[in-house]
>>> print(open('work05.txt').read())   # compact mmCIF, C-alpha atoms
# COMPACT_ATOMS: atom_id res chain seq x y z
CA MET A 1 2.52 -32.26 -13.39
CA LEU A 2 4.83 -30.31 -11.13
CA GLU A 3 7.13 -29.70 -14.02
CA ALA A 4 4.30 -28.46 -16.17
CA ALA A 5 3.29 -26.07 -13.45
CA LEU A 6 6.83 -24.82 -13.08
CA MET A 7 7.39 -24.40 -16.77
CA GLY A 8 4.10 -22.89 -17.66
CA ASP A 9 1.60 -20.53 -16.28
CA ILE A 10 0.43 -20.40 -12.74
CA PRO A 11 -3.17 -21.59 -12.75
CA ARG A 12 -5.70 -19.04 -11.64
CA GLU A 13 -8.41 -21.09 -10.07
CA THR A 14 -8.38 -21.23 -6.32
CA THR A 15 -8.59 -24.51 -4.49
CA GLY A 16 -7.51 -23.52 -1.04
CA SER A 17 -6.94 -20.70 1.29
CA PHE A 18 -3.61 -19.19 2.08
CA ASP A 19 -3.54 -20.78 5.54
CA ARG A 20 -4.15 -24.19 4.09
CA VAL A 21 -1.27 -23.82 1.65
CA VAL A 22 0.97 -22.70 4.50
CA ARG A 23 0.05 -25.72 6.61
CA GLN A 24 0.52 -28.12 3.73
CA ARG A 25 3.77 -26.69 2.42
CA GLU A 26 5.59 -25.16 5.37
CA ALA A 27 7.67 -28.29 6.04
CA GLN A 28 8.67 -28.56 2.38
CA VAL A 29 9.73 -24.91 2.20
CA LEU A 30 11.54 -24.94 5.52
CA ARG A 31 13.38 -28.20 4.83
CA THR A 32 14.50 -27.09 1.37
CA ALA A 33 15.72 -23.75 2.69
CA PHE A 34 17.58 -25.48 5.53
CA ARG A 35 19.29 -27.91 3.17
CA ILE A 36 20.48 -25.10 0.94
CA LEU A 37 21.37 -22.57 3.64
CA GLY A 38 22.59 -24.93 6.35
CA ASN A 39 20.99 -23.23 9.34
CA TRP A 40 17.51 -22.98 10.73
CA ALA A 41 17.43 -19.27 11.47
CA ASP A 42 18.01 -18.30 7.85
CA ALA A 43 15.74 -21.10 6.68
CA GLU A 44 12.92 -19.77 8.85
CA ASP A 45 13.40 -16.28 7.44
CA VAL A 46 13.30 -17.61 3.90
CA ALA A 47 10.20 -19.67 4.64
CA GLN A 48 8.42 -16.67 6.09
CA GLU A 49 9.37 -14.51 3.13
CA THR A 50 8.21 -17.19 0.71
CA PHE A 51 4.76 -17.41 2.29
CA LEU A 52 4.47 -13.65 2.56
CA ARG A 53 5.14 -13.37 -1.15
CA LEU A 54 2.46 -15.93 -1.76
CA HIS A 55 0.10 -13.85 0.34
CA LYS A 56 1.16 -10.53 -1.13
CA HIS A 57 0.64 -11.57 -4.72
CA ARG A 58 -2.59 -13.37 -3.83
CA LEU A 59 -1.58 -16.25 -6.02
CA THR A 60 -3.98 -19.07 -6.38
CA PHE A 61 -3.27 -22.52 -7.72
CA SER A 62 -5.49 -25.00 -9.43
CA ASN A 63 -3.70 -27.94 -7.88
CA ASP A 64 -1.17 -28.83 -5.23
CA SER A 65 1.69 -29.48 -7.60
CA ALA A 66 1.37 -25.98 -9.03
CA ALA A 67 1.61 -24.58 -5.53
CA ALA A 68 4.58 -26.82 -4.75
CA ALA A 69 6.33 -25.78 -7.95
CA TRP A 70 5.89 -22.09 -7.26
CA LEU A 71 7.03 -22.47 -3.67
CA TYR A 72 10.15 -24.44 -4.67
CA ARG A 73 11.11 -21.80 -7.16
CA VAL A 74 10.63 -18.88 -4.79
CA THR A 75 12.36 -20.69 -1.93
CA VAL A 76 15.39 -21.48 -4.07
CA ASN A 77 15.60 -17.92 -5.37
CA LEU A 78 15.39 -16.47 -1.88
CA CYS A 79 18.10 -18.87 -0.74
CA PHE A 80 20.28 -17.73 -3.63
CA ASP A 81 19.72 -14.12 -2.62
CA ARG A 82 20.70 -14.94 0.94
CA THR A 83 23.83 -16.89 0.00
CA ARG A 84 24.97 -13.96 -2.12
CA LEU A 85 25.11 -11.95 1.07
CA LYS A 86 26.87 -14.55 3.20
CA ARG A 87 28.30 -18.03 2.93
CA PRO A 88 26.07 -20.79 4.23
CA SER A 89 26.84 -21.90 7.74
CA LEU A 90 26.15 -25.34 9.07
CA GLU A 91 24.25 -26.42 12.14
CA LEU A 92 25.03 -30.00 12.93
CA THR A 93 22.56 -31.33 15.44
CA ASP A 94 19.23 -29.79 14.68
CA MET A 95 17.34 -32.24 12.52
CA PRO A 96 15.44 -34.75 14.65
CA GLY A 97 16.15 -38.33 13.63
CA LEU A 98 13.81 -41.30 13.29
CA ASP A 99 13.64 -44.01 15.91
CA ARG A 100 16.20 -46.65 15.11
CA SER A 101 18.53 -48.88 16.96
CA ALA A 102 20.94 -46.76 18.92
CA GLU A 103 24.10 -47.75 17.08
CA GLY A 104 22.56 -47.56 13.63
CA ALA A 105 20.98 -44.23 14.43
CA VAL A 106 24.24 -42.78 15.63
CA LEU A 107 26.06 -44.07 12.54
CA LEU A 108 23.41 -42.69 10.21
CA GLU A 109 23.36 -39.40 12.02
CA GLU A 110 27.10 -39.17 11.67
CA LYS A 111 26.87 -39.81 7.93
CA LYS A 112 24.18 -37.18 7.59
CA GLN A 113 26.29 -34.64 9.38
CA GLN A 114 29.24 -35.46 7.14
CA LEU A 115 27.08 -35.18 4.08
CA MET A 116 25.58 -31.87 5.17
CA ALA A 117 29.03 -30.52 5.88
CA ALA A 118 30.20 -31.63 2.44
CA LEU A 119 27.06 -30.18 0.86
CA ALA A 120 27.80 -26.80 2.43
CA THR A 121 31.08 -26.63 0.55
CA LEU A 122 29.41 -26.87 -2.88
CA PRO A 123 28.57 -23.85 -5.02
CA THR A 124 25.05 -22.66 -4.32
CA LYS A 125 23.52 -23.77 -7.62
CA GLU A 126 25.02 -27.23 -7.41
CA ARG A 127 23.88 -27.53 -3.82
CA ALA A 128 20.37 -26.45 -4.74
CA ALA A 129 20.27 -28.92 -7.62
CA VAL A 130 21.36 -31.78 -5.37
CA VAL A 131 18.92 -30.81 -2.62
CA LEU A 132 15.97 -30.65 -5.00
CA ARG A 133 16.89 -33.74 -6.99
CA GLU A 134 18.30 -36.06 -4.35
CA ILE A 135 16.65 -34.97 -1.11
CA GLU A 136 13.33 -33.50 -2.26
CA GLY A 137 13.04 -36.10 -4.98
CA LEU A 138 12.05 -33.84 -7.86
CA SER A 139 12.61 -34.91 -11.45
CA THR A 140 15.41 -33.33 -13.46
CA GLY A 141 12.90 -31.26 -15.39
CA GLU A 142 11.27 -30.00 -12.22
CA VAL A 143 14.66 -29.07 -10.78
CA ALA A 144 15.55 -27.28 -14.01
CA ALA A 145 12.32 -25.32 -13.85
CA ALA A 146 12.84 -24.41 -10.21
CA LEU A 147 16.38 -23.25 -10.86
CA GLY A 148 15.52 -21.54 -14.12
CA SER A 149 18.04 -23.53 -16.12
CA SER A 150 18.01 -26.38 -18.61
CA GLU A 151 17.83 -30.09 -17.82
CA VAL A 152 21.28 -30.59 -19.31
CA THR A 153 22.70 -27.99 -16.97
CA VAL A 154 20.99 -29.61 -14.00
CA ARG A 155 22.35 -33.04 -14.89
CA SER A 156 25.81 -31.58 -15.25
CA GLN A 157 25.53 -29.74 -11.92
CA ILE A 158 24.35 -32.85 -10.10
CA SER A 159 27.05 -34.98 -11.67
CA LYS A 160 29.77 -32.50 -10.68
CA ALA A 161 28.31 -32.17 -7.21
CA MET A 162 28.26 -35.93 -6.66
CA VAL A 163 31.88 -36.22 -7.73
CA LYS A 164 32.83 -33.46 -5.31
CA LEU A 165 30.82 -34.97 -2.47
CA ARG A 166 32.32 -38.40 -3.05
CA GLY A 167 35.77 -36.85 -3.07
CA ILE A 168 35.18 -34.94 0.17
CA LEU A 169 33.62 -37.90 1.96
CA THR A 170 36.29 -40.35 0.75
CA ARG A 171 38.98 -38.03 2.11
CA GLU A 172 37.15 -37.89 5.42
CA ASP A 173 36.85 -41.69 5.54
CA LEU A 174 40.59 -41.96 5.11
CA MET B 1 31.36 -43.18 1.08
CA THR B 2 30.26 -44.40 -2.35
CA GLU B 3 27.78 -42.61 -4.57
CA GLN B 4 25.21 -45.25 -3.73
CA GLU B 5 25.70 -44.65 -0.02
CA ILE B 6 25.46 -40.93 -0.54
CA ARG B 7 22.14 -41.35 -2.36
CA GLU B 8 20.85 -43.58 0.42
CA VAL B 9 21.72 -41.04 3.07
CA PHE B 10 20.01 -38.38 0.97
CA ARG B 11 16.91 -40.54 0.85
CA GLU B 12 17.01 -40.92 4.61
CA MET B 13 17.23 -37.17 4.93
CA ARG B 14 14.15 -36.82 2.74
CA GLU B 15 12.04 -38.46 5.42
CA GLU B 16 13.35 -36.42 8.29
CA PRO B 17 10.74 -34.37 10.06
CA VAL B 18 11.21 -30.67 10.47
CA PRO B 19 11.60 -29.35 14.04
CA ALA B 20 8.24 -28.34 15.42
CA ASP B 21 9.54 -25.15 16.99
CA SER B 22 10.91 -24.01 13.64
CA LEU B 23 7.54 -24.61 12.01
CA ALA B 24 5.83 -22.73 14.83
CA ARG B 25 8.22 -19.83 14.42
CA VAL B 26 7.53 -19.71 10.69
CA ARG B 27 3.75 -19.68 11.25
CA TRP B 28 4.04 -17.06 13.95
CA GLY B 29 6.37 -14.92 11.83
CA VAL B 30 4.12 -15.12 8.80
CA GLU B 31 1.10 -14.18 10.88
CA GLN B 32 2.88 -11.28 12.54
CA ARG B 33 4.23 -9.90 9.30
CA ARG B 34 0.86 -10.26 7.63
CA ARG B 35 -0.75 -8.29 10.47
CA ARG B 36 1.97 -5.69 10.32
CA ALA B 37 1.53 -5.35 6.58
CA PHE B 38 -2.22 -5.00 7.06
CA SER B 39 -1.72 -2.36 9.75
CA TRP B 40 0.59 -0.46 7.45
CA LYS B 41 -1.94 -0.61 4.66
CA ILE B 42 -4.62 0.78 6.98
CA ALA B 43 -2.28 3.47 8.27
CA VAL B 44 -1.28 4.51 4.76
CA ALA B 45 -4.90 4.57 3.63
CA LEU B 46 -5.89 6.73 6.61
CA ALA B 47 -2.96 9.06 6.04
CA MET B 48 -3.89 9.45 2.39
CA ALA B 49 -7.49 10.11 3.30
CA GLY B 50 -6.33 12.71 5.83
CA CYS B 51 -4.15 14.37 3.22
CA ILE B 52 -7.02 14.47 0.76
CA VAL B 53 -9.35 16.02 3.34
CA ALA B 54 -6.70 18.50 4.44
CA GLY B 55 -5.98 19.41 0.84
CA PHE B 56 -9.65 19.86 0.18
CA LEU B 57 -10.00 22.14 3.18
CA VAL B 58 -7.01 24.19 2.16
CA ILE B 59 -7.94 24.73 -1.44
CA ARG B 60 -11.69 24.97 -0.89
CA PRO B 61 -13.01 28.48 -1.60
CA ALA B 62 -14.01 30.20 1.63
CA LYS B 63 -17.66 30.72 2.40
CA ALA B 64 -18.95 33.82 0.65
CA PRO B 65 -18.40 36.53 3.27
CA VAL B 66 -20.83 39.28 3.93
CA ARG B 67 -19.27 42.06 2.02
CA THR B 68 -19.59 45.56 3.31
CA VAL B 69 -19.80 47.90 0.45
CA GLU B 70 -18.05 51.12 1.06
CA PRO B 71 -20.13 54.02 -0.01
CA VAL B 72 -18.65 55.53 -3.02
CA PRO B 73 -18.08 59.21 -2.44
CA LEU B 74 -20.41 61.11 -4.56
CA GLU B 75 -18.83 63.11 -7.18
CA ILE B 76 -19.96 66.57 -7.10
CA ALA B 77 -20.51 67.67 -10.56
CA GLN B 78 -18.91 70.87 -11.28
CA VAL B 79 -21.47 73.01 -12.71
CA GLN B 80 -20.27 75.59 -15.10
CA PRO B 81 -21.90 78.90 -14.64
CA PRO B 82 -24.19 79.48 -17.46
CA GLU B 83 -23.03 81.77 -20.04
CA GLU B 84 -24.51 85.10 -19.68
CA ILE B 85 -27.32 85.49 -21.92
CA PRO B 86 -27.96 89.00 -22.96
CA VAL B 87 -31.12 90.10 -21.40
CA ARG B 88 -33.47 91.79 -23.62
CA SER B 89 -35.86 94.09 -22.15
CA VAL B 90 -39.20 92.83 -22.94
CA PRO B 91 -42.08 95.11 -22.20
CA ARG B 92 -43.89 93.53 -19.37
CA ALA B 93 -47.39 92.81 -20.02
CA ARG B 94 -49.60 94.87 -17.93
CA ARG B 95 -51.21 92.95 -15.28
CA VAL B 96 -54.81 93.46 -15.26
CA ARG B 97 -56.47 93.13 -11.97
CA PRO B 98 -59.96 92.14 -12.08
CA ARG B 99 -62.07 94.91 -10.85
CA PRO B 100 -64.50 94.14 -8.22
CA GLN B 101 -67.91 94.40 -9.41
CA GLN B 102 -69.45 97.45 -8.22
CA VAL B 103 -72.47 96.72 -6.26
CA LYS B 104 -74.83 99.45 -6.00
CA THR B 105 -75.31 99.98 -2.36
CA VAL B 106 -77.40 102.40 -0.44
CA PRO B 107 -75.19 104.82 1.49
CA VAL B 108 -75.32 104.30 5.19
CA LEU B 109 -74.77 107.13 7.59
CA ILE B 110 -74.46 106.53 11.28
CA ARG B 111 -74.43 109.41 13.59
CA ILE B 112 -73.11 109.00 17.03
CA GLU B 113 -73.51 111.79 19.43
CA THR B 114 -71.03 112.29 22.16
CA PRO B 115 -71.65 113.94 25.46
CA ASP B 116 -69.91 116.94 24.06
CA PRO B 117 -72.49 118.64 21.99
CA ASP B 118 -69.82 119.97 19.73
CA VAL B 119 -68.54 116.50 18.80
CA VAL B 120 -70.55 114.23 16.65
CA ILE B 121 -69.17 111.02 15.15
CA LEU B 122 -70.38 110.23 11.73
CA LEU B 123 -69.78 106.78 10.23
CA VAL B 124 -70.30 106.67 6.53
CA ASN B 125 -70.99 103.29 4.92
>>> encode(input="work05.txt", output="structure tokens")
Amino acid sequence: MLEAALMGDIPRETTGSFDRVVRQREAQVLRTAFRILGNWADAEDVAQETFLRLHKHRLTFSNDSAAAAWLYRVTVNLCFDRTRLKRPSLELTDMPGLDRSAEGAVLLEEKKQQLMAALATLPTKERAAVVLREIEGLSTGEVAAALGSSEVTVRSQISKAMVKLRGILTREDL
Amino acid sequence: MTEQEIREVFREMREEPVPADSLARVRWGVEQRRRRAFSWKIAVALAMAGCIVAGFLVIRPAKAPVRTVEPVPLEIAQVQPPEEIPVRSVPRARRVRPRPQQVKTVPVLIRIETPDPDVVILLVN
């Protein structure tokens, strides 16, 4: 459904107001931007710009997945624009964790930080593909539509990215 | 870290909440920028309306003024003296006065005597 919305036309029928879309999708947009850009300040700017574009073009969506698809695509493109201007930086201790046992939480948090640091070293398109596929949980087709590339390319990018990440993290473990 | 572990950590990251202050900043920023954009639209619309009105006032033809018409100086026609026409002497017709009708009247004689016996005034008719 999301893929169809990404690939095809943006439905015209309105189901919700702009404010409702913002409330429903702000976390998705902000999280995606943060994962690609690596810092909250830039992610907030991208999120604001994404929603302003939505408002400016007065786009309306017939269903939630169409809105999600459009927002993913615009967010990723704005992140690409931003990373062209400067390399992504990394903030390490900003994402609030879930309640877990203290030791396990610390260990997991450490792994997350390592992974985010490794992610920041990847080329932007590979990073975006990994973020959308592995963290946001989109299908390969949906990722391809959001990135404006083919599924084959996305698979290749993710495969290369995973190899690089494994390499970086293995070196760190040593 | 193996690929499996990497994927698991990614899945964990999927469930992470987003910081509330970041969300609040995004909402606030969107609202502010929307308002600013709206204000700009209003300002631009007012400016355009002002320009249109100003342009209209500038190019509008002025109210028909009361025109004072200067009196045109009269041209004095130059009159050529008439060519002299030879005067022919025409015998004037004799004017005939009507004669008063003679009324036959009886002659009146008034004699006035003065103290001087040698002077007598006679009034005839």
>>> interface_residues(input="work05.txt", of="chain B", to="chain A", cutoff="8 Å", atoms="all atoms listed in the file", output="list in words")
Met1, Thr2, Glu3, Ile6, Arg7, Val9, Phe10, Arg11, Met13, Arg14, Glu16, Pro17, Val18, Pro19, Ser22, Leu23, Arg25, Val26, Arg27, Gly29, Val30, Arg33 and Arg34 of chain B
>>> atom_distance(input="work05.txt", atom1="atom CA of A:Phe80", atom2="atom CA of B:Trp40")
28.4 Å
>>> atom_distance(input="work05.txt", atom1="atom CA of A:Leu119", atom2="atom CA of A:Lys160")
12.1 Å
>>> atom_distance(input="work05.txt", atom1="atom CA of A:Leu85", atom2="atom CA of A:Leu147")
18.6 Å
